[in-house]
Structure formats: structure tokens, C-alpha cells
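**Q** Handing you a structure now.
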Amino acid sequence: MNKAFFGLLIFLFSGITYAQTNIRPGIRLGFNSANISNTTLDNKIGPNAAIFVDFRFSRHYSLQPEIMYSRQGGKSNIRTNEDLDIDYLSFGVVNKFFVAPNQGLHLILGPSLDFDFENNLINVINETNDSDVTPLDLSFFFGIGYEFDFGLVLEARYKQGLLDIDLFDEDFESDFYRGEGNTLNNVFQFGVAYKFDLR
């Protein structure tokens, strides 16, 4: 019993020590291919950028909180109408599961809370409540990536919005909304990241 207890303590402390010596901040730049379900909008290409901190707890797992700017929405296929641009500030929790120890291939899984900061900031300044979409979205994402020893990371993700963004503007709905089902964000994200080694 005592041996098992001390073995558990050694395991826990070694994990904490490993995590403390493997905390690496980083930046990521990339692009989105975004669309909104149940609309006639086409895929829209937009930028994304993030800052993050990677906590490597073991050879198989790391936790990466991040703050991301992500331009989403959809592209109008009607010449007389403008595209729908939604600029989100996203707070995500990325879980990375490495396929094999000491190898860079990993799977990505996590949630994010997305704040439509541009429309909300304009509304606060103008003291109005006039926006085409809801101010918040809750998303779930998954993907795959590869991490090189020197800090370069390549990633591809799919991000699915879980809340109806409520395209309530009448002019917008008459042109693009199909009239049935929820309007949800759907985004493919591709990015190149670099993790800084502060040791």
C-alpha cells in the first residue's frame, strides 16, 4: 500500500515538474473557409490569428488555452448584396493528443466561446442594439496537426458553431435565409504556429 502511494506521489510530482519545464507561449497565423448553414451564402475566405500558451503535461497530452481573432460569415452570390462579415474574438481551450511519444503528429479537440466584438463594440459606442447576428457563439472544434522539434506547428481544424446566430434582419433573410433550420457557423481553419522556448 505504501509503495503504491509513494509511486503515485512520484508520478504526480514528475508530471508537475514536466509541465513546469514545458510551458511555451506562441503565436499562430492562418486563414478560414467559413460559411453559415441554411443560407444561400458561399464559402468566404478570411484571416485568423491567435496567441496561446502550451502546457505540455506528458509525452501524449498538452493543454493550450488561446485567444483568437477569426473572420467568419459568408460570401454573397448575389451581385447587389454585400458579404456577411462576422469578426469574432474567440477564447478556446485546445486539447492536444499526441499519437506517439516524441513524435509531432497530434489530434486536436476542444470548445471555444466566440464574442462578436466588432458589432458589439459599435453598438456600445453608438448606444444601439442593431446587429445582424447574436453577440455570442459557443463552438466545438477538432482537427489534426504536426509539431516540429524547433517549435513550428502546422494545423487544420473544423469548427462548428452550436448556437443559432439568428439572422434576424429582414432584408438579409429575404435574400439569403432558406427559411428553415438554424443558422450555424461552419468553419475550416488552417494555420501555421510557432512556440517559443523560454528555457
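Each chain in the C-alpha cells gets a letter, A, B and so on, in the order shown; residues start at 1 in every chain, and ligands are counted from 1 in the order they appear.
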Report as a Markdown table: every residue of range 66-91 of chain A with an atom at most 7 Å from range 109-120 of chain A, its closest pair of atoms, and their distance in Å to one decimal, counting only C-alpha atoms, with rows sorted by chain and ascending residue number.
**A**
| residue | atom | partner | partner_atom | distance |
| --- | --- | --- | --- | --- |
| A:Ile86 | CA | A:Asp116 | CA | 6.6 |
| A:Asp87 | CA | A:Asp116 | CA | 5.8 |
| A:Tyr88 | CA | A:Asp116 | CA | 4.6 |
| A:Leu89 | CA | A:Phe115 | CA | 5.1 |
| A:Ser90 | CA | A:Asp114 | CA | 4.2 |
| A:Phe91 | CA | A:Leu113 | CA | 5.2 |
**Q** Neighbouring residues of range 52-69 of chain A were defined as those with any atom within 7 Å, considering only C-alpha atoms; residues of the same chain fewer than 3 positions away were excluded. Please report them as an NGL selection string.
**A** :A and (15 or 18-19 or 22-27 or 48-49 or 88-102)
**Q** Could you state the separation of CA of Asn35 in chain A and CA of Gly181 in chain A in Å, given to one decimal place?
**A**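 Spanning CA of Asn35 in chain A to CA of Gly181 in chain A is a straight-line distance of 14.8 Å.
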**Q** Might you pull out every residue within 6 Å of Arg157 in chain A, with only C-alpha atoms counted and same-chain residues fewer than 6 positions away left off, and present them as a ChimeraX atom specification?
**A** /A:142-143,188-189
**Q** Limited to all heavy atoms, could you put the picked residues into a file as a CSV table (one decimal), in the first residue's frame?
**A**
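Result file is result37.csv:
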chain,number,residue,atom,x,y,z
A,142,PHE,N,-12.4,20.4,-33.8
A,142,PHE,CA,-11.5,19.2,-33.8
A,142,PHE,C,-10.6,19.3,-35.1
A,142,PHE,O,-10.9,20.1,-36.0
A,142,PHE,CB,-12.3,17.9,-33.8
A,142,PHE,CG,-13.2,17.7,-35.0
A,142,PHE,CD1,-12.7,17.1,-36.2
A,142,PHE,CD2,-14.5,18.1,-34.9
A,142,PHE,CE1,-13.6,17.0,-37.2
A,142,PHE,CE2,-15.3,18.0,-36.0
A,142,PHE,CZ,-14.9,17.4,-37.2
A,143,GLY,N,-9.5,18.6,-35.0
A,143,GLY,CA,-8.6,18.7,-36.2
A,143,GLY,C,-7.3,17.8,-36.0
A,143,GLY,O,-7.3,17.0,-35.1
A,188,PHE,N,-13.7,25.9,-41.6
A,188,PHE,CA,-12.5,25.2,-41.8
A,188,PHE,C,-11.3,26.2,-41.5
A,188,PHE,O,-11.3,27.3,-42.1
A,188,PHE,CB,-12.3,24.6,-43.1
A,188,PHE,CG,-13.2,23.4,-43.4
A,188,PHE,CD1,-14.4,23.5,-44.0
A,188,PHE,CD2,-12.8,22.1,-42.9
A,188,PHE,CE1,-15.2,22.4,-44.3
A,188,PHE,CE2,-13.6,21.0,-43.2
A,188,PHE,CZ,-14.8,21.2,-43.8
A,189,GLN,N,-10.4,25.8,-40.6
A,189,GLN,CA,-9.3,26.7,-40.2
A,189,GLN,C,-8.0,26.1,-40.5
A,189,GLN,O,-7.8,24.9,-40.1
A,189,GLN,CB,-9.4,27.1,-38.7
A,189,GLN,CG,-10.7,27.9,-38.4
A,189,GLN,CD,-10.7,28.3,-36.9
A,189,GLN,OE1,-10.4,27.6,-36.0
A,189,GLN,NE2,-11.2,29.6,-36.7
**Q** Let me make sure I understand: among A:Asn182, A:Asn38, A:Gln103, A:Asn32, which one has the smallest atom-to-atom distance to Gln72 in chain A if we use only C-alpha atoms?
**A**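 Result for the nearest residue to Gln72 in chain A: A:Asn32.
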**Q** Give me, please, the distance in Å between CA of Leu29 in chain A and CA of Pro47 in chain A, quoted to one decimal.
**A** 7.8 Å
**Q** Looking at A:Arg28, A:Leu41, A:Thr183, A:Ser139, which one is nearest to Leu154 in chain A, with distances taken over only C-alpha atoms?
**A**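 Smallest separation from Leu154 in chain A among the options: A:Arg28.
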**Q** So that I can see what lies close to Val153 in chain A, please list as a VMD selection string the residues with an atom at most 10 Å from it, counting only C-alpha atoms and leaving out residues fewer than 5 positions away in the same chain.
**A** chain A and resid 26 to 28 104 to 105 145 to 148 191 to 195
**Q** Got a sec to tell me which of range 62-169 of chain A DSSP assigns to strand (DSSP E or B), as a VMD selection string?
**A** chain A and resid 62 to 75 84 to 98 105 to 116 136 to 147 152 to 161
**Q** Taking only C-alpha atoms into account, which of A:Arg199, A:Phe190, A:Tyr158, A:Ile78 comes nearest Ile45 in chain A?
**A**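 Of the candidates, the smallest distance to Ile45 in chain A is held by A:Phe190.
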**Q** For CA of Leu163 in chain A and CA of Leu136 in chain A, determine how far apart the two atoms are, in Å to one decimal place.
**A**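 We find that CA of Leu163 in chain A and CA of Leu136 in chain A lie 8.2 Å from each other.
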